[in-house]
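Here the structure comes first, spelled out in C-alpha cells, and everything after it is commentary.
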Amino acid sequence: MKENRKICCSSVCGGITLALGIILLPMTYVLVDAIVKKAAVLTPGSVAYPVWVEVPVPFVIQFWVWDIQNPDQVLQGAKPVLKQKGPYSWDEQRPKVEDSIIHNDNGTVTFRSKKTYTFNRERSVGPQTDTFTTVDLPVFVVAYLLRYQPARRKALWNVIHQLSGATPLVTLTVEEFVFGYEYEYLKLAQDVLGEEIIPHPELGLFLNNSGDGLWNVFTGETGIQKLNLIDRWNGRTELPYWTTPYANMLNGSDGTLHPPFVDKNDIFYAYVPTGCRSGAAVFEKERKMGRIPVYHYVQPEWLFASPEIYPDNVGFCTPDKYTCPPSGLLNATNCLFHAPIFLSSPHFLYTEQSVLDMIEGPEPDINQHRIEVDVDPISGATVQAHIRAQVNLYIQSYDFVSGLEKMPEAYFPLIWQNESAAMTDDDLHAYFLYTRLPLIFVVVITSLLLAGGVGLLVWLGFILYKKNQQEKLTLIKSNDMDLNLEKDNPEVQVEEGGTKEDDDNNNNSNSATTVLGVL
C-alpha cells in the first residue's frame with residue numbers, strides 16, 4: 001500500500017513538473033520579450049528612463065590637430081608636410097534638459113540635451129593652450145565665397161585684406177581652434193560683404209556647441225522596434241542639405257540607445273548633427289565586454305565612398321551629381337555656412353590616393369581611425385562607442401587675394417576627433433545584474449522544472465522496475481518452496497491417490513473376497 005502511494009505521488013508530481021517545464025520552455029522567449037519591453041520603453045517608471053535622461057556612462061571627446069612643419073615652403077606652393085599633435089581631451093556631460101522633455105500622444109518624446117565640456121589634462125599630451133600652425137580658416141573661407149563675385153568686389157576686398165594684416169597661415173591655441181573666438185577678419189568681412197555671405201563673425205569647430213538641436217524620438221510604446229529612433233529633428237522629418245530622399249533621411253537614433261533584439265544583419269544608423277548626416281555601422285564580430293556578450297559594429301567602407309563605388313551616395317554630391325568630391329570625402333559646404341569644409345575619416349582612411357598625394361603626414365590605420373560601436377544584442381544599449389571623424393578645408397590659390405596666389409591645392413586636414421563612451425567595470429557589473437539576472441532566473445527555473453520532471457519520472461520508472469523485480473522474486477521463491485515440500489514429504493501424495501504398495505494390498509484383498517464368495 002505504501003509502495004503504491006509512492007508510485008502515484010511520483011507519477012503525478014513528475015507529470016505536472018515536466019508539463020510545466022515544457023509549457024514554460026517556449027514561454028521563456030515570451031517572458032524575456034516582455035521583461036525587456038517593459039524595462040526599455042522611454043516612459044517614467046521604466047528601468048531605462050532615468051538612464052536615458054542622464055546617461056551615466058562617461059563621455060570623452062579627444063582632438064588631434066595637424067601642425068604644418070614647412071610653413072615657408074607652403075606659402076610658395078610646396079606640398080604641406082603635417083604632423084598630428086594630440087590627443088587633447090575634454091570630459092563631456094550631456095544630460096537631457098528636464099524642462100524640455102515632453103511626452104507626446106503619438107508615442108514620441110521631445111527633448112533637448114545640454115552639453116558641457118571640462119578639459120582633462122591627465123588624458124591630454126599637453127595643456128589646452130598648446131599652439132600649432134595651420135591655415136587661416138577665415139582667409140580661405142572668404143576667398144572661396146568671393147570666387148564668383150564681380151572683379152570690383154574682389155579688388156575692394158583685397159584692399160581690406162591687406163589692411164587687416166591677415167596671412168594665409170596662422171598660429172592658434174588648441175582651445176581657440178576647437179571652441180572658437182571672434183575673428184576681427186570675419187567681422188570686417190561681414191561689415192563689408194553683408195550677413196548673407198558672412199553670417200557669423202565667430203569661427204570654431206565646437207562654437208556654441210552647448211546643444212545639438214531639438215530631438216523627437218519614439219519611446220517604444222507603439223512598437224519596441226522603433227525605440228529611440230528619430231521622428232523629427234529641429235521640427236524636420238528630413239534634412240535640407242542633400243539632393244536625394246535617401247541622402248536627406250533622418251534615419252537611426254542619437255547613438256546612445258538602439259531598439260532591442262538586435263539582428264546581425266541590421267545596419268546601425270545614428271544621426272550626427274555636426275556631420276550633417278546619419279552615420280552607419282555594420283556587424284563585424286561577436287565579442288565580450290566583462291560578462292556581457294556584445295555585437296561589434298564598424299564603419300563600412302562605403303560610408304563616404306563615391307557614387308561609382310556606392311551609387312546611393314550620389315545624393316551627397318552637391319550641387320549635383322557632376323560635382324562629386326574624391327571618394328572618401330563628404331562635401332559639407334551646404335551644411336556649414338557655405339565654407340569649403342569636407343568631412344572624412346581620420347587620416348583620410350578609405351579615401352582615394354589622390355587626396356593623400358596632396359599632403360604628407362597622414363597614416364591611415366583601420367584599428368584607430370574608423371567608427372566602432374559595441375551593442376548589447378538583447379537590450380540594444382550601446383556598451384562602448386568610438387565616433388571618429390576629420391574636418392578638412394579645401395584650399396587652393398586665389399589670384400585676387402594677396403598671399404594666396406601660390407598656395408597649393410589640397411584637402412587640408414585641420415583636426416580630427418574621437419568622441420567615445422564606454423561602460424566602466426563597475427558599470428558592466430551593475431548592467432549585468434539589471435539586465436541578465438532576471439533572464440537567467442527565468443531560464444534556470446524552466447530548466448529546473450524540466451530536470452525535476454524528468455528526474456521524478458526516472459525515479460518512478462526505477463520504482464516500477466524494482467517492484468516488478470520483487471514480484472518476480474516472490475513468485476520464484478513460492479515455486480521453489482512447493483518443490484522442496486514435495487521432496488521432503490512424499491506421504492503427502494497418499495491423500496491424493498495412495499502409494500503403489502497400498503494398491504497391491506487392495507488388489508490382494510479383493511481377490512480373497514472373490515474366492516470366498518465362490519465357496
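Identifiers for the C-alpha cells are assigned positionally: chains receive A, B, ... in sequence, residues are indexed from 1 per chain, and ligands are indexed from 1 in the order shown.
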- Task: Would you mind listing what lies within 10 Å of Thr256 in chain A as a PyMOL selection string, with only C-alpha atoms counted and same-chain residues fewer than 5 positions away left out?
- Result: chain A and resi 52+55+57+228+270+375+380-385+421
Keeping only C-alpha atoms, write the selected residues as an mmCIF file, in the first residue's frame.
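Okay, this is what ended up in result28.cif:
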```
data_model
loop_
_atom_site.group_PDB
_atom_site.id
_atom_site.type_symbol
_atom_site.label_atom_id
_atom_site.label_comp_id
_atom_site.auth_asym_id
_atom_site.auth_seq_id
_atom_site.Cartn_x
_atom_site.Cartn_y
_atom_site.Cartn_z
ATOM 1 C CA TRP A 52 18.155 57.775 -20.829
ATOM 2 C CA VAL A 55 23.456 58.658 -19.387
ATOM 3 C CA VAL A 57 28.469 56.337 -18.892
ATOM 4 C CA ASN A 228 14.704 55.842 -29.693
ATOM 5 C CA ALA A 270 22.844 57.361 -35.934
ATOM 6 C CA VAL A 375 25.931 46.892 -28.725
ATOM 7 C CA GLY A 380 20.064 47.433 -27.793
ATOM 8 C CA ALA A 381 22.102 49.585 -25.397
ATOM 9 C CA THR A 382 25.441 50.966 -26.564
ATOM 10 C CA VAL A 383 28.099 49.454 -24.298
ATOM 11 C CA GLN A 384 31.045 51.192 -25.967
ATOM 12 C CA ALA A 385 31.430 53.571 -28.893
ATOM 13 C CA ALA A 421 31.920 56.428 -24.329
#
```
- Message: Based on the backbone DSSP call, show me all residues of range 101-196 of chain A assigned strand (DSSP E), as a list in words.
- Response: Ile102, His103, Thr108, Val109, Thr110, Phe111, Arg112, Thr116, Tyr117, Thr118, Phe119, Asn120, Thr131, Phe132, Thr133, Thr134, Val135, Leu169, Val170, Thr171, Leu172, Thr173, Tyr181 and Glu182 of chain A
Would you export the selected residues with C-alpha atoms as a PDB file, in the first residue's frame, please?
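File produced: out36.pdb:
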```
ATOM      1  CA  ILE A 102       7.621  66.436 -23.405  1.00  0.00           C
ATOM      2  CA  HIS A 103       5.836  63.089 -23.823  1.00  0.00           C
ATOM      3  CA  THR A 108       7.196  60.027 -29.055  1.00  0.00           C
ATOM      4  CA  VAL A 109       9.136  62.203 -26.646  1.00  0.00           C
ATOM      5  CA  THR A 110      10.635  65.626 -27.377  1.00  0.00           C
ATOM      6  CA  PHE A 111      13.793  66.854 -25.662  1.00  0.00           C
ATOM      7  CA  ARG A 112      16.986  68.887 -25.793  1.00  0.00           C
ATOM      8  CA  THR A 116      29.271  70.892 -21.192  1.00  0.00           C
ATOM      9  CA  TYR A 117      32.997  70.231 -21.572  1.00  0.00           C
ATOM     10  CA  THR A 118      35.751  70.069 -18.957  1.00  0.00           C
ATOM     11  CA  PHE A 119      39.379  69.851 -20.024  1.00  0.00           C
ATOM     12  CA  ASN A 120      41.074  66.638 -18.853  1.00  0.00           C
ATOM     13  CA  THR A 131      49.835  76.102 -30.083  1.00  0.00           C
ATOM     14  CA  PHE A 132      50.072  74.806 -33.632  1.00  0.00           C
ATOM     15  CA  THR A 133      50.368  76.276 -37.112  1.00  0.00           C
ATOM     16  CA  THR A 134      47.567  75.783 -39.601  1.00  0.00           C
ATOM     17  CA  VAL A 135      45.869  77.562 -42.469  1.00  0.00           C
ATOM     18  CA  LEU A 169      48.862  80.679 -42.204  1.00  0.00           C
ATOM     19  CA  VAL A 170      48.226  81.316 -38.528  1.00  0.00           C
ATOM     20  CA  THR A 171      49.307  80.013 -35.125  1.00  0.00           C
ATOM     21  CA  LEU A 172      46.496  79.300 -32.648  1.00  0.00           C
ATOM     22  CA  THR A 173      45.977  77.534 -29.349  1.00  0.00           C
ATOM     23  CA  TYR A 181      36.626  83.124 -30.776  1.00  0.00           C
ATOM     24  CA  GLU A 182      35.605  86.268 -32.630  1.00  0.00           C
TER      25      GLU A 182
END
```
- Query: Hey, what does DSSP flag as alpha helix (DSSP H) within range 123-224 of chain A? Can you give it to me as an NGL selection string?
  - Reply: :A and (137-146 or 151-164 or 174-179 or 184-193)
- Write out as a list in words which residues come within 8 Å of Gly86 in chain A when counting only C-alpha atoms, dropping same-chain ones fewer than 3 positions away. Gln62, Phe63, Trp64, Val65, Ser124, Val125 and Gly126 of chain A
- Find the residues around range 427-431 of chain A up to 12 Å (only C-alpha atoms counted), leave out those fewer than 4 positions away in its own chain, and share them as a list of chain:residue names. A:Val47, A:Ala48, A:Val51, A:Val55, A:Pro56, A:Val57, A:Pro58, A:Lys288, A:Met289, A:Gly290, A:Arg291, A:Ile292, A:Pro293, A:Val294, A:Asp376, A:Ser379, A:Ala381, A:Thr382, A:Val383, A:Gln384, A:Ala421, A:Ala422, A:Met423, A:Thr435, A:Arg436, A:Leu437, A:Pro438
- Which residue of A:Pro319, A:Gly204, A:Pro413, A:Gly279 approaches Tyr241 in chain A most closely, using only C-alpha atoms: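 Selected residue with least distance to Tyr241 in chain A: A:Pro319.
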Show me a table, sorted first by chain and then by increasing residue number, of the residues of range 126-224 of chain A having an atom at most 12 Å from range 90-99 of chain A, each with its shortest atom pair and the distance in Å to one decimal, counting only C-alpha atoms and written as JSON lines.
```
{"residue": "A:Pro127", "atom": "CA", "partner": "A:Trp90", "partner_atom": "CA", "distance": 11.2}
{"residue": "A:Gln128", "atom": "CA", "partner": "A:Trp90", "partner_atom": "CA", "distance": 9.6}
{"residue": "A:Val174", "atom": "CA", "partner": "A:Trp90", "partner_atom": "CA", "distance": 11.8}
{"residue": "A:Glu175", "atom": "CA", "partner": "A:Trp90", "partner_atom": "CA", "distance": 10.5}
{"residue": "A:Val178", "atom": "CA", "partner": "A:Trp90", "partner_atom": "CA", "distance": 10.9}
{"residue": "A:Phe179", "atom": "CA", "partner": "A:Trp90", "partner_atom": "CA", "distance": 11.5}
{"residue": "A:Phe206", "atom": "CA", "partner": "A:Trp90", "partner_atom": "CA", "distance": 11.9}
{"residue": "A:Asn209", "atom": "CA", "partner": "A:Arg94", "partner_atom": "CA", "distance": 11.2}
{"residue": "A:Ser210", "atom": "CA", "partner": "A:Arg94", "partner_atom": "CA", "distance": 8.9}
{"residue": "A:Gly211", "atom": "CA", "partner": "A:Arg94", "partner_atom": "CA", "distance": 8.4}
{"residue": "A:Asp212", "atom": "CA", "partner": "A:Arg94", "partner_atom": "CA", "distance": 9.9}
{"residue": "A:Gly213", "atom": "CA", "partner": "A:Lys96", "partner_atom": "CA", "distance": 11.4}
{"residue": "A:Leu214", "atom": "CA", "partner": "A:Val97", "partner_atom": "CA", "distance": 10.6}
{"residue": "A:Trp215", "atom": "CA", "partner": "A:Lys96", "partner_atom": "CA", "distance": 10.4}
```
- Task: Considering only C-alpha atoms, state which residue in the set A:Ile395, A:Ala78, A:Ile61, A:Val314 is at the smallest distance from Glu419 in chain A.
- Result: A:Ile61
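Shortest atom-to-atom contact with Tyr398 in chain A among A:Gln69, A:Asn334, A:Ser113, A:Asn158: A:Asn158, counting only C-alpha atoms.
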Rows by chain and residue number, range 375-445 of chain A within 7 Å of range 339-350 of chain A, shortest pair, only C-alpha atoms, as a tab-separated table:
```
residue	atom	partner	partner_atom	distance
A:Arg388	CA	A:Ser345	CA	6.7
A:Ala389	CA	A:Ser345	CA	4.8
A:Gln390	CA	A:Pro346	CA	4.8
A:Val391	CA	A:Leu343	CA	5.0
A:Asn392	CA	A:Phe342	CA	5.1
A:Leu393	CA	A:Ile341	CA	4.8
A:Tyr394	CA	A:Pro340	CA	5.6
A:Trp416	CA	A:Pro346	CA	5.8
```
- So which residues touch range 247-250 of chain A within 7 Å, counting only C-alpha atoms, skipping near sequence neighbours fewer than 5 positions away, as a PyMOL selection string? chain A and resi 230+237-242+271+278+315-316
Please, could you write that set of residues out with all heavy atoms as a compact mmCIF listing (two decimals), in the first residue's frame?
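The result, stored in out_20.txt:
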```
# COMPACT_ATOMS: atom_id res chain seq x y z
N ILE A 230 14.59 58.28 -34.56
CA ILE A 230 14.24 59.68 -34.76
C ILE A 230 12.93 59.81 -35.53
O ILE A 230 12.73 59.19 -36.58
CB ILE A 230 15.36 60.41 -35.52
CG1 ILE A 230 16.67 60.34 -34.74
CG2 ILE A 230 14.98 61.86 -35.77
CD1 ILE A 230 17.87 60.78 -35.54
N THR A 237 11.42 66.31 -40.69
CA THR A 237 11.38 64.87 -40.90
C THR A 237 12.46 64.43 -41.90
O THR A 237 12.67 63.23 -42.09
CB THR A 237 10.01 64.42 -41.42
OG1 THR A 237 9.71 65.13 -42.63
CG2 THR A 237 8.93 64.71 -40.39
N GLU A 238 13.10 65.40 -42.54
CA GLU A 238 14.20 65.12 -43.44
C GLU A 238 15.16 66.30 -43.47
O GLU A 238 14.79 67.42 -43.08
CB GLU A 238 13.71 64.80 -44.86
CG GLU A 238 12.95 65.93 -45.52
CD GLU A 238 12.48 65.57 -46.91
OE1 GLU A 238 12.54 64.37 -47.26
OE2 GLU A 238 12.09 66.48 -47.65
N LEU A 239 16.37 66.07 -43.93
CA LEU A 239 17.39 67.11 -43.95
C LEU A 239 17.26 67.97 -45.21
O LEU A 239 16.75 67.50 -46.24
CB LEU A 239 18.78 66.48 -43.89
CG LEU A 239 19.09 65.69 -42.62
CD1 LEU A 239 20.40 64.92 -42.77
CD2 LEU A 239 19.14 66.61 -41.42
N PRO A 240 17.77 69.21 -45.18
CA PRO A 240 17.64 70.10 -46.33
C PRO A 240 18.92 70.23 -47.15
O PRO A 240 18.98 71.03 -48.09
CB PRO A 240 17.31 71.45 -45.66
CG PRO A 240 18.10 71.42 -44.38
CD PRO A 240 18.14 69.98 -43.95
N TYR A 241 19.96 69.46 -46.81
CA TYR A 241 21.28 69.74 -47.38
C TYR A 241 21.58 69.00 -48.68
O TYR A 241 22.41 69.46 -49.47
CB TYR A 241 22.37 69.36 -46.37
CG TYR A 241 22.14 69.87 -44.97
CD1 TYR A 241 22.10 69.00 -43.89
CD2 TYR A 241 21.95 71.23 -44.73
CE1 TYR A 241 21.90 69.46 -42.60
CE2 TYR A 241 21.74 71.70 -43.44
CZ TYR A 241 21.72 70.81 -42.38
OH TYR A 241 21.51 71.26 -41.10
N TRP A 242 20.94 67.85 -48.91
CA TRP A 242 21.39 66.97 -49.98
C TRP A 242 20.39 66.91 -51.13
O TRP A 242 19.37 67.59 -51.10
CB TRP A 242 21.68 65.59 -49.40
CG TRP A 242 22.48 65.66 -48.14
CD1 TRP A 242 22.08 65.37 -46.87
CD2 TRP A 242 23.84 66.10 -48.02
NE1 TRP A 242 23.09 65.58 -45.97
CE2 TRP A 242 24.19 66.04 -46.64
CE3 TRP A 242 24.81 66.55 -48.93
CZ2 TRP A 242 25.45 66.41 -46.17
CZ3 TRP A 242 26.07 66.91 -48.45
CH2 TRP A 242 26.37 66.84 -47.10
N TYR A 271 22.14 59.64 -36.29
CA TYR A 271 22.28 60.98 -36.86
C TYR A 271 23.26 61.80 -36.04
O TYR A 271 23.19 61.86 -34.81
CB TYR A 271 20.92 61.70 -36.90
CG TYR A 271 21.04 63.10 -37.44
CD1 TYR A 271 21.52 63.32 -38.73
CD2 TYR A 271 20.71 64.20 -36.67
CE1 TYR A 271 21.66 64.61 -39.23
CE2 TYR A 271 20.82 65.49 -37.15
CZ TYR A 271 21.30 65.68 -38.43
OH TYR A 271 21.45 66.96 -38.92
N SER A 278 23.40 61.05 -41.30
CA SER A 278 23.46 59.88 -40.43
C SER A 278 24.70 59.07 -40.74
O SER A 278 25.04 58.83 -41.91
CB SER A 278 22.21 59.02 -40.62
OG SER A 278 21.07 59.68 -40.11
N GLY A 315 23.49 61.18 -53.83
CA GLY A 315 22.71 62.25 -53.22
C GLY A 315 23.54 63.19 -52.36
O GLY A 315 23.09 64.30 -52.04
N PHE A 316 24.75 62.77 -51.97
CA PHE A 316 25.63 63.62 -51.17
C PHE A 316 26.53 64.49 -52.05
O PHE A 316 27.35 65.24 -51.52
CB PHE A 316 26.49 62.76 -50.23
CG PHE A 316 25.68 62.01 -49.22
CD1 PHE A 316 25.52 60.64 -49.31
CD2 PHE A 316 25.04 62.68 -48.18
CE1 PHE A 316 24.76 59.94 -48.37
CE2 PHE A 316 24.28 62.00 -47.24
CZ PHE A 316 24.13 60.62 -47.34
```
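Proximity ranking of A:Leu229, A:Leu356, A:Leu203, A:Ala40 relative to Val139 in chain A places A:Leu203 first, based on only C-alpha atoms.
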- What does the distance between CA of Val53 in chain A and CA of Thr424 in chain A come to in Å, to one decimal place? 19.0 Å
- Query: Near Phe400 in chain A, within 9 Å and counting only C-alpha atoms, which residues show up once chain neighbours fewer than 6 positions away are dropped, as a list of chain:residue names?
  - Reply: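 The filter keeps A:Ala143, A:Arg147, A:Ala151, A:Lys154, A:Ala155, A:Trp157, A:Asn158.
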- Phe268 in chain A surroundings by only C-alpha atoms, 7 Å radius, close-in-sequence under 6 positions cut, as a PyMOL selection string: chain A and resi 252+280-282
- Query: Hey, which of A:Glu301, A:Asp425, A:Asp254, A:Asp72 ends up closest to Arg370 in chain A? Count only C-alpha atoms.
  - Reply: A:Glu301
